[in-house]
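Engineer: Input file: start_3.cif. Contents: mmCIF, C-alpha atoms and all ligand atoms.
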```
data_structure
loop_
_atom_site.label_atom_id
_atom_site.label_comp_id
_atom_site.auth_asym_id
_atom_site.auth_seq_id
_atom_site.Cartn_x
_atom_site.Cartn_y
_atom_site.Cartn_z
CA MET A 1 10.11 -37.97 56.25
CA LYS A 2 8.90 -36.30 53.10
CA ILE A 3 5.28 -36.91 54.09
CA LEU A 4 5.89 -35.26 57.46
CA ASP A 5 7.60 -32.29 55.81
CA GLN A 6 4.52 -31.86 53.57
CA ASP A 7 2.14 -31.58 56.55
CA GLY A 8 1.19 -35.25 56.36
CA VAL A 9 0.71 -37.95 58.99
CA VAL A 10 2.62 -41.24 59.27
CA GLY A 11 1.94 -44.45 61.20
CA ILE A 12 4.90 -45.16 63.49
CA PRO A 13 5.86 -48.29 65.43
CA THR A 14 6.46 -48.02 69.15
CA GLU A 15 6.87 -50.69 71.82
CA THR A 16 3.43 -49.89 73.30
CA VAL A 17 1.11 -49.45 70.31
CA TYR A 18 1.45 -47.92 66.83
CA GLY A 19 1.10 -44.12 66.72
CA LEU A 20 -0.17 -41.61 64.15
CA ALA A 21 2.48 -38.91 63.95
CA ALA A 22 2.96 -35.40 62.55
CA ARG A 23 5.73 -32.85 63.08
CA ILE A 24 5.29 -30.65 66.16
CA ASP A 25 6.12 -27.56 64.07
CA ARG A 26 3.47 -28.32 61.41
CA PRO A 27 0.02 -27.20 62.64
CA LYS A 28 -1.68 -28.55 59.51
CA GLY A 29 -0.11 -31.96 60.08
CA ILE A 30 -1.25 -31.95 63.71
CA ALA A 31 -4.78 -30.95 62.66
CA LYS A 32 -4.71 -33.89 60.24
CA ILE A 33 -4.07 -36.30 63.12
CA PHE A 34 -7.34 -35.23 64.79
CA GLN A 35 -9.21 -35.37 61.47
CA THR A 36 -7.88 -38.78 60.50
CA LYS A 37 -8.76 -40.29 63.87
CA GLY A 38 -12.02 -38.43 64.36
CA ARG A 39 -10.62 -37.38 67.71
CA PRO A 40 -12.04 -34.46 69.73
CA LEU A 41 -9.68 -31.50 70.09
CA PHE A 42 -9.89 -31.50 73.90
CA ASP A 43 -7.82 -34.70 74.04
CA PRO A 44 -4.09 -33.78 74.28
CA LEU A 45 -1.35 -35.63 72.36
CA ILE A 46 1.88 -37.20 73.60
CA VAL A 47 5.04 -35.82 71.98
CA HIS A 48 7.57 -38.48 70.98
CA VAL A 49 11.18 -37.35 71.26
CA ALA A 50 14.55 -38.92 70.40
CA ASP A 51 16.16 -38.49 73.81
CA GLN A 52 16.22 -36.49 77.02
CA VAL A 53 17.99 -33.59 75.32
CA MET A 54 15.12 -33.21 72.87
CA ALA A 55 12.57 -33.61 75.69
CA ARG A 56 14.13 -30.67 77.53
CA LYS A 57 13.69 -28.54 74.41
CA TYR A 58 9.90 -28.58 74.96
CA CYS A 59 9.80 -28.02 78.74
CA SER A 60 10.01 -24.89 80.83
CA GLU A 61 11.30 -27.08 83.65
CA PHE A 62 12.85 -30.56 83.65
CA SER A 63 13.13 -31.38 87.34
CA LEU A 64 15.42 -33.84 89.11
CA ILE A 65 12.44 -36.20 89.43
CA ALA A 66 11.87 -36.04 85.68
CA GLU A 67 15.56 -36.64 85.06
CA THR A 68 15.70 -39.62 87.44
CA LEU A 69 12.66 -41.25 85.82
CA ALA A 70 13.85 -40.50 82.29
CA ASN A 71 17.30 -41.96 83.04
CA LYS A 72 15.72 -45.16 84.31
CA PHE A 73 12.77 -45.71 81.95
CA TRP A 74 13.59 -44.01 78.61
CA PRO A 75 13.49 -45.25 75.93
CA GLY A 76 10.40 -47.05 77.19
CA PRO A 77 6.68 -47.07 77.99
CA LEU A 78 6.62 -44.08 80.37
CA THR A 79 5.11 -40.68 79.49
CA LEU A 80 6.04 -37.72 81.68
CA ILE A 81 3.69 -34.74 81.91
CA LEU A 82 5.84 -31.64 82.48
CA PRO A 83 5.48 -27.85 82.25
CA LYS A 84 5.63 -26.90 78.57
CA ASN A 85 7.22 -23.96 76.77
CA ASP A 86 6.24 -21.96 73.66
CA LEU A 87 7.64 -24.51 71.21
CA VAL A 88 4.64 -26.72 72.00
CA PRO A 89 1.48 -25.52 70.21
CA ASP A 90 -1.85 -25.40 72.06
CA LEU A 91 -3.32 -27.86 69.59
CA VAL A 92 -0.98 -30.54 70.96
CA THR A 93 -1.81 -29.95 74.62
CA ALA A 94 -5.48 -28.99 74.22
CA GLY A 95 -4.57 -25.64 75.74
CA LEU A 96 -2.96 -27.10 78.88
CA GLU A 97 0.24 -25.59 80.28
CA THR A 98 1.82 -29.04 80.43
CA VAL A 99 3.06 -31.44 77.76
CA GLY A 100 3.27 -35.25 77.69
CA LEU A 101 6.71 -36.48 76.55
CA ARG A 102 8.06 -39.92 75.83
CA VAL A 103 11.10 -41.54 74.21
CA PRO A 104 9.76 -44.68 72.49
CA ARG A 105 11.88 -47.82 72.26
CA SER A 106 11.42 -48.55 68.55
CA PRO A 107 14.74 -48.11 66.66
CA MET A 108 12.86 -47.26 63.45
CA THR A 109 10.89 -44.46 65.08
CA LEU A 110 13.92 -43.17 66.99
CA GLU A 111 15.80 -42.96 63.72
CA LEU A 112 12.90 -41.07 62.11
CA ILE A 113 12.69 -38.54 64.97
CA GLY A 114 16.47 -38.12 64.86
CA LYS A 115 16.38 -37.37 61.13
CA VAL A 116 13.38 -35.05 61.34
CA GLY A 117 15.04 -33.27 64.26
CA VAL A 118 11.81 -32.24 66.03
CA GLY A 119 9.31 -33.97 68.32
CA LEU A 120 6.44 -35.97 66.85
CA PRO A 121 3.05 -35.62 68.55
CA ALA A 122 1.26 -38.95 68.08
CA PRO A 123 -1.82 -40.58 69.56
CA SER A 124 -2.48 -44.28 69.11
CA ALA A 125 -3.20 -44.98 65.43
CA ASN A 126 -6.83 -46.07 65.72
CA ARG A 127 -10.14 -44.44 64.91
CA PHE A 128 -11.34 -42.59 68.00
CA GLY A 129 -12.68 -44.82 70.76
CA ARG A 130 -11.59 -48.04 69.03
CA THR A 131 -9.02 -50.73 69.80
CA SER A 132 -5.41 -49.51 69.60
CA PRO A 133 -3.15 -51.11 66.94
CA SER A 134 -0.28 -53.39 67.92
CA LEU A 135 0.71 -54.39 64.34
CA TRP A 136 1.34 -52.24 61.25
CA GLU A 137 -1.39 -54.22 59.47
CA HIS A 138 -3.89 -52.93 62.04
CA VAL A 139 -3.06 -49.33 61.12
CA GLU A 140 -3.52 -50.00 57.40
CA GLN A 141 -6.87 -51.69 58.06
CA GLU A 142 -7.96 -48.96 60.44
CA PHE A 143 -7.57 -46.19 57.84
CA GLN A 144 -8.21 -48.32 54.72
CA GLY A 145 -4.70 -47.87 53.39
CA GLN A 146 -5.04 -44.05 53.42
CA VAL A 147 -2.13 -43.61 55.84
CA PHE A 148 1.51 -44.42 55.15
CA VAL A 149 2.78 -46.78 57.84
CA LEU A 150 6.37 -47.56 58.84
CA LYS A 151 6.37 -51.34 58.93
CA GLY A 152 8.02 -52.19 62.23
CA PRO A 153 7.62 -55.27 64.40
CA ALA A 154 4.64 -56.10 66.61
CA ALA A 155 4.44 -53.83 69.66
CA GLU A 156 6.05 -55.89 72.40
CA VAL A 157 4.40 -54.16 75.36
CA GLY A 158 1.02 -54.09 73.68
CA ILE A 159 -0.85 -51.48 75.76
CA GLU A 160 -0.31 -47.72 76.05
CA SER A 161 2.41 -46.13 78.19
CA THR A 162 2.09 -45.32 81.89
CA ILE A 163 1.43 -41.58 82.25
CA VAL A 164 2.84 -39.72 85.26
CA GLU A 165 2.40 -36.01 85.83
CA VAL A 166 5.31 -34.37 87.63
CA ASN A 167 4.48 -31.14 89.41
CA ALA A 168 7.46 -30.08 91.59
CA HIS A 169 7.69 -32.97 94.10
CA GLU A 170 4.15 -34.17 93.53
CA LEU A 171 3.45 -37.10 91.22
CA THR A 172 0.06 -38.04 89.77
CA LEU A 173 -0.59 -41.30 87.97
CA ARG A 174 -2.73 -40.25 84.99
CA ARG A 175 -2.91 -43.59 83.20
CA PRO A 176 -1.77 -47.01 84.42
CA GLY A 177 0.59 -48.99 82.19
CA MET A 178 3.10 -51.80 82.35
CA ILE A 179 5.60 -49.64 84.26
CA SER A 180 3.93 -49.81 87.66
CA LYS A 181 3.60 -47.24 90.41
CA PHE A 182 5.77 -49.55 92.50
CA GLU A 183 8.62 -49.47 89.94
CA ILE A 184 8.42 -45.67 89.77
CA GLU A 185 8.52 -45.42 93.56
CA PHE A 186 11.41 -47.85 93.78
CA CYS A 187 13.41 -45.87 91.21
CA LEU A 188 12.93 -42.54 93.00
CA LYS A 189 13.53 -43.97 96.46
CA SER A 190 16.74 -45.68 95.32
CA ALA A 191 17.96 -42.36 93.94
CA GLY A 192 17.09 -40.65 97.23
CA THR A 193 14.78 -38.23 95.40
CA HIS A 194 12.09 -36.57 97.50
CA PHE A 195 8.57 -37.06 96.11
CA PHE A 196 5.00 -37.82 97.11
CA TRP A 197 1.92 -39.10 95.30
CA SER A 198 -0.88 -36.66 94.76
CA SER A 199 -3.79 -37.27 97.11
CA ASP A 200 -6.42 -36.36 94.50
CA GLU A 201 -5.61 -39.55 92.72
CA THR A 202 -6.69 -42.19 95.30
CA GLY A 203 -7.01 -45.01 92.82
CA ARG A 204 -8.93 -42.88 90.36
CA VAL A 205 -7.18 -42.36 87.07
CA THR A 206 -8.06 -39.19 85.22
CA ALA A 207 -6.25 -37.54 82.37
CA PRO A 208 -7.90 -34.82 80.32
CA GLY A 209 -9.59 -36.43 77.41
CA GLN A 210 -9.63 -39.80 79.11
CA LEU A 211 -13.07 -41.11 78.61
CA LYS A 212 -15.27 -43.67 80.28
CA ARG A 213 -15.21 -46.11 77.42
CA HIS A 214 -12.46 -46.69 74.94
CA TYR A 215 -10.70 -49.42 73.01
CA MET A 216 -13.98 -50.88 71.70
CA PRO A 217 -13.62 -53.68 69.16
CA ASP A 218 -15.87 -53.87 66.08
CA VAL A 219 -18.29 -56.29 67.72
CA PRO A 220 -19.68 -56.08 71.27
CA LEU A 221 -17.36 -57.21 74.07
CA VAL A 222 -19.33 -58.67 76.94
CA SER A 223 -18.29 -59.71 80.44
CA VAL A 224 -20.14 -62.87 81.42
CA GLY A 225 -20.73 -64.36 84.89
CA SER A 226 -19.69 -67.93 85.65
CA ASN A 227 -23.28 -69.20 85.92
CA ILE A 228 -24.07 -68.26 82.33
CA SER A 229 -23.28 -70.85 79.66
CA GLU A 230 -21.88 -70.03 76.24
CA THR A 231 -25.20 -70.79 74.50
CA GLN A 232 -27.02 -68.32 76.76
CA VAL A 233 -24.71 -65.41 75.93
CA GLY A 234 -26.27 -64.44 72.55
CA PRO A 235 -29.94 -64.55 73.64
CA LEU A 236 -29.15 -62.75 76.93
CA PHE A 237 -27.31 -60.02 75.07
CA ILE A 238 -30.30 -59.43 72.79
CA LYS A 239 -32.61 -59.41 75.80
CA ASN A 240 -30.49 -56.68 77.43
CA LEU A 241 -29.98 -54.64 74.27
CA ASP A 242 -31.87 -51.67 75.73
CA GLN A 243 -29.16 -51.33 78.42
CA ILE A 244 -26.64 -50.35 75.77
CA PRO A 245 -26.47 -46.66 74.95
CA VAL A 246 -26.72 -45.60 71.30
CA GLU A 247 -23.58 -43.52 71.72
CA ILE A 248 -20.74 -43.53 74.26
CA ASP A 249 -18.52 -40.46 74.59
CA GLY A 250 -19.40 -39.40 71.07
CA VAL A 251 -18.66 -42.80 69.55
CA VAL A 252 -21.65 -44.46 67.90
CA VAL A 253 -22.17 -47.94 69.32
CA LYS A 254 -23.02 -50.74 66.96
CA ARG A 255 -25.98 -52.65 68.40
CA PRO A 256 -26.45 -55.88 66.46
CA THR A 257 -30.04 -57.12 66.64
CA GLN A 258 -29.06 -60.67 65.84
CA ILE A 259 -26.20 -62.70 67.31
CA ARG A 260 -25.39 -65.77 65.22
CA SER A 261 -22.09 -66.65 66.80
CA VAL A 262 -20.16 -65.84 69.96
CA ILE A 263 -16.50 -66.40 70.74
CA GLN A 264 -14.64 -66.43 74.05
CA LEU A 265 -11.64 -64.22 74.72
CA LYS A 266 -9.10 -66.08 76.83
CA LEU A 267 -6.04 -64.22 78.08
CA PRO A 268 -2.75 -65.44 79.56
CA THR A 269 -2.39 -65.33 83.35
CA ASP A 270 0.94 -63.48 83.03
CA GLN A 271 0.20 -59.75 82.85
CA TYR A 272 2.99 -58.98 80.37
CA LEU A 273 1.84 -61.65 77.94
CA ALA A 274 -1.79 -60.61 78.39
CA ALA A 275 -0.94 -56.97 77.60
CA ARG A 276 0.98 -58.02 74.52
CA VAL A 277 -1.90 -59.98 72.98
CA LEU A 278 -4.99 -58.12 74.24
CA TYR A 279 -5.61 -55.73 71.32
CA LYS A 280 -4.56 -58.25 68.70
CA GLU A 281 -7.00 -60.81 70.14
CA LEU A 282 -9.83 -58.27 70.25
CA ARG A 283 -9.25 -57.40 66.60
CA GLU A 284 -8.92 -60.99 65.42
CA LEU A 285 -11.87 -62.35 67.38
CA SER A 286 -14.12 -59.51 66.18
CA LYS A 287 -13.68 -60.88 62.65
CA LYS A 288 -14.71 -64.39 63.70
CA ALA A 289 -17.99 -63.85 65.53
CA ASP A 290 -20.82 -61.39 66.18
CA LEU A 291 -19.93 -61.06 69.86
CA ILE A 292 -16.85 -61.56 72.04
CA PHE A 293 -17.31 -62.59 75.64
CA TYR A 294 -14.94 -63.19 78.54
CA ARG A 295 -15.15 -64.33 82.11
CA VAL A 296 -13.43 -62.42 84.91
CA GLU A 297 -10.88 -64.75 86.50
CA ASP A 298 -9.23 -64.24 89.90
CA PHE A 299 -5.81 -63.45 88.37
CA MET A 300 -7.33 -60.54 86.44
CA THR A 301 -8.19 -58.63 89.58
CA THR A 302 -4.64 -58.61 90.99
CA ASP A 303 -2.59 -55.37 91.16
CA ALA A 304 -0.11 -56.63 88.59
CA TRP A 305 -2.89 -57.22 86.07
CA SER A 306 -4.70 -53.90 86.71
CA PRO A 307 -3.44 -51.95 83.64
CA VAL A 308 -4.65 -54.76 81.36
CA PHE A 309 -7.92 -55.09 83.27
CA GLU A 310 -8.51 -51.35 82.94
CA ARG A 311 -8.35 -51.61 79.12
CA LEU A 312 -10.50 -54.71 79.09
CA THR A 313 -13.14 -53.06 81.27
CA LYS A 314 -13.17 -49.88 79.18
CA ALA A 315 -13.65 -51.93 76.01
CA THR A 316 -16.58 -53.81 77.55
CA LEU A 317 -20.05 -52.88 76.35
CA LEU A 318 -22.17 -54.93 78.72
CA THR A 319 -21.89 -57.13 81.79
CA LEU A 320 -24.15 -60.18 82.02
CA ASN A 321 -24.46 -61.83 85.42
O1 LIG B 1 1.96 -45.59 74.54
C1 LIG B 1 1.45 -44.52 74.26
O2 LIG B 1 1.37 -43.59 75.08
C2 LIG B 1 0.90 -44.36 72.84
C3 LIG B 1 2.08 -44.43 71.86
C4 LIG B 1 1.68 -44.11 70.45
O3 LIG B 1 3.11 -43.60 72.32
N1 LIG B 1 0.18 -43.13 72.70
C5 LIG B 1 -1.05 -42.94 73.24
O4 LIG B 1 -1.62 -41.73 72.90
O5 LIG B 1 -1.61 -43.73 73.94
P1 LIG B 1 -3.16 -41.42 73.12
O6 LIG B 1 -3.37 -40.12 72.44
O7 LIG B 1 -3.99 -42.54 72.67
O8 LIG B 1 -3.28 -41.14 74.64
C6 LIG B 1 -2.64 -40.02 75.19
C7 LIG B 1 -3.28 -39.57 76.46
C8 LIG B 1 -4.42 -38.57 76.26
O9 LIG B 1 -5.66 -39.18 76.14
C9 LIG B 1 -4.35 -37.76 77.52
O10 LIG B 1 -5.21 -38.34 78.47
C10 LIG B 1 -2.92 -37.92 78.01
O11 LIG B 1 -2.29 -38.82 77.16
N2 LIG B 1 -2.20 -36.64 77.93
C11 LIG B 1 -1.48 -36.11 76.92
N3 LIG B 1 -0.99 -34.91 77.23
C12 LIG B 1 -1.39 -34.64 78.48
C13 LIG B 1 -1.22 -33.55 79.38
N4 LIG B 1 -0.53 -32.45 79.05
N5 LIG B 1 -1.77 -33.64 80.61
C14 LIG B 1 -2.46 -34.75 80.97
N6 LIG B 1 -2.68 -35.81 80.17
C15 LIG B 1 -2.16 -35.76 78.94
MG MG B 2 -5.54 -43.94 72.27
#
```
Would you encode the structure as structure tokens?
Structural biologist:
Amino acid sequence: MKILDQDGVVGIPTETVYGLAARIDRPKGIAKIFQTKGRPLFDPLIVHVADQVMARKYCSEFSLIAETLANKFWPGPLTLILPKNDLVPDLVTAGLETVGLRVPRSPMTLELIGKVGVGLPAPSANRFGRTSPSLWEHVEQEFQGQVFVLKGPAAEVGIESTIVEVNAHELTLRRPGMISKFEIEFCLKSAGTHFFWSSDETGRVTAPGQLKRHYMPDVPLVSVGSNISETQVGPLFIKNLDQIPVEIDGVVVKRPTQIRSVIQLKLPTDQYLAARVLYKELRELSKKADLIFYRVEDFMTTDAWSPVFERLTKATLLTLN
């Protein structure tokens, strides 16, 4: 709390991934978030609030749709994008007229927000473009012990929240997450709330600042076709090295010129379990070999698995077929 009051940043546990938080009323603290992460300023932050009452404090309008979704899914892995008011600085929203709000499920973080008494803007606590942290140890490693971290439990959801923009009766899915479009629809239909999905979305997920590639582990992650054997992966990667850009979305890509060892990423069939272990596996495996590879299995291309598959695909540097 003291760190936050002195314009500092703190690592906070949430059920999705760990966040890097500052006080919403401390511009220097917010600027420090961007600095610490190396994050571009055009990428807006999600504001973490203690409850619906605090969420309303930052909105110019909190519609019946927002209320229905908040009643059902908060605290939990759902971020609502709503019209903002003047209490939300431009630095948080990258100049947008809307703000992303979420009540996280971590008791430790809820207690902190309650004590501080204001919202905490917080992105995932990783260096820009890299794998998000699901354990407090990840946050310490990520910033070499330079950031104070609240030591909570492992993030039980494991991937970032579902983001839904609410504009009057129109909903837009901005980022897929473990709360599915189907669950959102079911909730609103059960409540008899009138809504429709934005047509500009058509399967495409775009949020400002959402980039092509993201979540990259420290060693290359490679998708490998079923006809390629494990021993072929390293040599084939080297052969295709020129296909890998030097930089992706401003993040410098490490291009090893020698692959001594490769390791296979294997994920659970169950989408909830897969989400929970994905980032942890990517981090751990990147310490064990020069390259991580995986094979796309049928279960990965199902609707239920799609939020996990989206992260996996965005973290992938190269596809070998
Ligand atoms: O689960 C999560 O959402 C985690 C934990 C820490 O809460 N946070 C997280 O933050 O994933 P971050 O910064 O890594 O991703 C937030 C994304 C931004 O990249 C942006 O695309 C979207 O949220 N976003 C934030 N505010 C927005 C707004 N006003 N309009 C549209 N998209 C927005
Ligand atoms: Mg992030």
Engineer: Got a sec to check which residues lie within 8 Å of ligand LIG 1 (chain B), using only C-alpha atoms and all ligand atoms, and send them as a PyMOL selection string?
Structural biologist: chain A and resi 12-20+43-46+48+77-79+81-82+92-94+96-102+104+122-125+132+159-163+165+174-175+206-210
Engineer: Please list as a list in words every residue within 8 Å of Glu281 in chain A, counting only C-alpha atoms and excluding residues in the same chain fewer than 4 positions away.
Structural biologist: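 My list of contacting residues is Leu265, Val277 and Leu285 of chain A.
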Engineer: Got a sec: who's within 12 Å of Lys288 in chain A, counting all atoms listed in the file, leaving out chain neighbours fewer than 4 positions off, as a CSV table (one decimal) with C-alpha atoms, keeping the file's coordinate frame?
Structural biologist:
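Resulting contents of around_24.csv:
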```csv
chain,number,residue,atom,x,y,z
A,218,ASP,CA,-15.9,-53.9,66.1
A,219,VAL,CA,-18.3,-56.3,67.7
A,260,ARG,CA,-25.4,-65.8,65.2
A,261,SER,CA,-22.1,-66.6,66.8
A,262,VAL,CA,-20.2,-65.8,70.0
A,263,ILE,CA,-16.5,-66.4,70.7
A,264,GLN,CA,-14.6,-66.4,74.0
A,265,LEU,CA,-11.6,-64.2,74.7
A,281,GLU,CA,-7.0,-60.8,70.1
A,282,LEU,CA,-9.8,-58.3,70.2
A,283,ARG,CA,-9.2,-57.4,66.6
A,284,GLU,CA,-8.9,-61.0,65.4
A,292,ILE,CA,-16.8,-61.6,72.0
```
Engineer: Restricting the calculation to only C-alpha atoms and all ligand atoms, which member of A:Tyr279, A:Phe34, A:Phe73, A:Tyr215 is positioned closest to ligand MG 2 (chain B)?
Structural biologist: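 So, comparing all the options, the nearest one is A:Tyr215.
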Engineer: For Met216 in chain A, work out the shell of residues within 6 Å, counting only C-alpha atoms and skipping chain neighbours fewer than 2 positions away, then give it as JSON, numbers by chain.
Structural biologist: {"A": [130, 131, 214, 315]}
Engineer: Would you write out those residues with C-alpha atoms, as an mmCIF file, in the coordinates of the input?
Structural biologist:
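Result went into again14.cif, see below:
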```cif
data_model
loop_
_atom_site.group_PDB
_atom_site.id
_atom_site.type_symbol
_atom_site.label_atom_id
_atom_site.label_comp_id
_atom_site.auth_asym_id
_atom_site.auth_seq_id
_atom_site.Cartn_x
_atom_site.Cartn_y
_atom_site.Cartn_z
ATOM 1 C CA ARG A 130 -11.590 -48.040 69.030
ATOM 2 C CA THR A 131 -9.020 -50.730 69.800
ATOM 3 C CA HIS A 214 -12.460 -46.690 74.940
ATOM 4 C CA ALA A 315 -13.650 -51.930 76.010
#
```
Engineer: Pick out the closest residue to Lys84 in chain A from this set: A:Cys59, A:Ile238, A:Leu320, A:Leu135. Count only C-alpha atoms.
Structural biologist: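 Comparing A:Cys59, A:Ile238, A:Leu320, A:Leu135 against Lys84 in chain A, the winner is A:Cys59.
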Engineer: By how many Å are CA of Arg213 in chain A and CA of Glu310 in chain A apart?
Structural biologist: 10.1 Å
Engineer: Which residues come within 6 Å of Glu170 in chain A, counting all atoms listed in the file, excluding same-chain residues fewer than 5 positions away, as a list in words?
Structural biologist: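 Near Glu170 in chain A, the qualifying residues are Phe195, Phe196, Trp197 and Ser198 of chain A.
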Engineer: For range 109-118 of chain A, find every residue with an atom within 12 Å (counting all atoms listed in the file), except residues of its own chain fewer than 2 positions away, and show them as a ChimeraX atom specification.
Structural biologist: /A:1-5,10-15,18-26,47-51,53-58,74-76,87-88,102-107,120-122,149-153
Engineer: In terms of the shortest atom-to-atom distance over only C-alpha atoms and all ligand atoms, which of A:Ser134, A:Gln6, A:Asn240, A:Asn227 is closest to ligand MG 2 (chain B)?
Structural biologist: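 Among the listed residues, A:Ser134 lies closest to ligand MG 2 (chain B).
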Engineer: Return the single residue from A:Val139, A:Asn321, A:Cys187, A:Asp242 that is closest to Ser226 in chain A, with distances computed using only C-alpha atoms.
Structural biologist: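 Closest candidate: A:Asn321.
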Engineer: Return the single residue from A:Gly8, A:Gly129, A:Pro89, A:Pro40 that is closest to ligand MG 2 (chain B), with distances computed using only C-alpha atoms and all ligand atoms.
Structural biologist: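 Among the listed residues, the smallest separation from ligand MG 2 (chain B) belongs to A:Gly129.
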Engineer: Using Å and a single decimal, report how far CA of Thr316 in chain A sits from CA of Pro268 in chain A.
Structural biologist: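 Rounded to one decimal, the two atoms are 18.2 Å apart.
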Engineer: Tell me which of A:Lys37, A:Ser306, A:Val251, A:Val147 sits closest to ligand MG 2 (chain B), counting all atoms listed in the file.
Structural biologist: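 Nearest to ligand MG 2 (chain B): A:Lys37.
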Engineer: Rounded to one decimal, what separation in Å do you get between CA of Gln243 in chain A and CA of Pro217 in chain A?
Structural biologist: 18.2 Å
Engineer: Got a sec to check which residues sit within 9 Å of (-27.6, -65.2, 70.9), counting all atoms listed in the file, and write them as a list in words?
Structural biologist: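 Neighbouring residues, ordered by chain and number, come to Thr231, Gln232, Val233, Gly234, Pro235, Leu236, Phe237, Ile238, Gln258, Ile259, Arg260, Ser261, Val262 and Leu291 of chain A.
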Engineer: Around all listed atoms of range 88-102 of chain A, padded 5 Å per side, what centre and edge lengths does the axis-aligned box have in Å to one decimal, as lines of an AutoDock Vina configuration file?
Structural biologist:
```
center_x = 1.3
center_y = -32.7
center_z = 75.0
size_x = 23.5
size_y = 24.5
size_z = 20.8
```
